[in-house]
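One structure is given below, encoded as structure tokens.
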Amino acid sequence: MATELPIDIPYAKSVEWLVQRRVVQASYQKSLRGVQVKVNEALEEPNHPHIPEVRTVLQQPRLTYFDCRKVFELLKVAGLDEKNFLGQYTNAHTSRWADIVKRYEAGNINLADAAMFLVQQHTYELPALKAEMGRAEKELAELNRRQGEYVKLAQASRERFVEQCKRRRIDECESDQIGLQLRQSRSQLPSLYRRVAHLCQSDEIRHAISLYSEFVRFSLE
């Protein structure tokens, strides 16, 4: 029984390997350009089917064979897969994307397209994404640092606010209620004034006033 082993091929030479093994023809680029022309014509079609999944796929910057086949399959799932007696799709959109998929698969052009896409993604897109991730991580770390500082400042401000409320005998409240609390605190003034007046009439205060008066007269003699 034969054992299937993976083939170790440098990704950068995958297209070259396909040509050398005659999996695709050496003129695959000409055929691929023809397929891409058909894809662009399909994209320029003004009346695409009102299928959200299809529109999502078509919004991608570059469509590969797999994207085109996905569009074709979504159209069939949506019920646009009726055929005439010649075996052709009656829906214009389904017929167009079926032709594109067929052109991709002819001569294994889809394999060459997939290999080229792999090389492009690994050579350009992945490094760009890594650099973007690095910048995002640095920005996130900076934002987390700032958040920590702001949390500490907010906590310190809250503690000072509570302390000032206690000093002024105001119930702890939100900042937008501080005006109401200050107005309500005026009701404490009459009792405070009566207490001060009562203390001023106490024997201790009278004695202190007498001592101070004697000190002033002595100092002025």
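If you're wondering about the labels, chains in the structure tokens are A, B, ... by order shown, residues count from 1 in each chain, ligands from 1 in order shown.
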
_Taking the DSSP secondary structure from the backbone, can you list the residues of stretch 64-176 of chain A that are helix (DSSP H, G or I), as number ranges by chain?_
A: 65-77, 92-167, 175-176

*Shell around A:Lys102 at 12 Å using only C-alpha atoms, local window under 4 positions removed, as a list in words*: Val35, Lys38, Tyr65, Cys68, Arg69, Phe72, Ser95, Arg96, Trp97, Ala98, Ala106, Gly107, Asn108, Ile109 and Asn110 of chain A

*Between A:Val39, A:Tyr212, A:Val54, A:Gly79, single out the one closest to A:Val101, counting only C-alpha atoms.*
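Nearest to A:Val101: A:Val39.
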
*If you measure from atom CA of A:Thr64 to atom CA of A:Ala114, what distance in Å do you get, rounded to one decimal?*
7.1 Å

_Distance query A:Val77 at most 12 Å, only C-alpha atoms, self and fewer than 4 positions along chain excluded, as a list of chain:residue names_ =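 Here the answer would be A:Ile51, A:Glu53, A:Val54, A:Lys70, A:Val71, A:Phe72, A:Glu73, A:Asp81, A:Glu82, A:Thr94.
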
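Pairwise distance (atom CA of A:Asp99, atom CA of A:Gly34) equals 11.9 Å.
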
*Counting only C-alpha atoms, what is within 8 Å of stretch 185-198 of chain A, bar same-chain residues fewer than 3 positions away, as a VMD selection string?*
chain A and resid 169 to 170 181 to 182 201 to 202

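For the atom pair formed by atom CA of A:Asn91 and atom CA of A:Leu75, the distance is 9.4 Å, given to one decimal.
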
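Minimum atom-to-atom distances from A:Ser210, A:Gln29, A:Gln36, A:Thr123 to A:Ala12 were compared using only C-alpha atoms, and the lowest value belongs to A:Thr123.
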
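Of the residues under consideration (A:Lys130, A:His207, A:Arg55, A:Arg62), A:Arg62 shows the shortest atom-to-atom contact distance to A:Asn40 when counting only C-alpha atoms.
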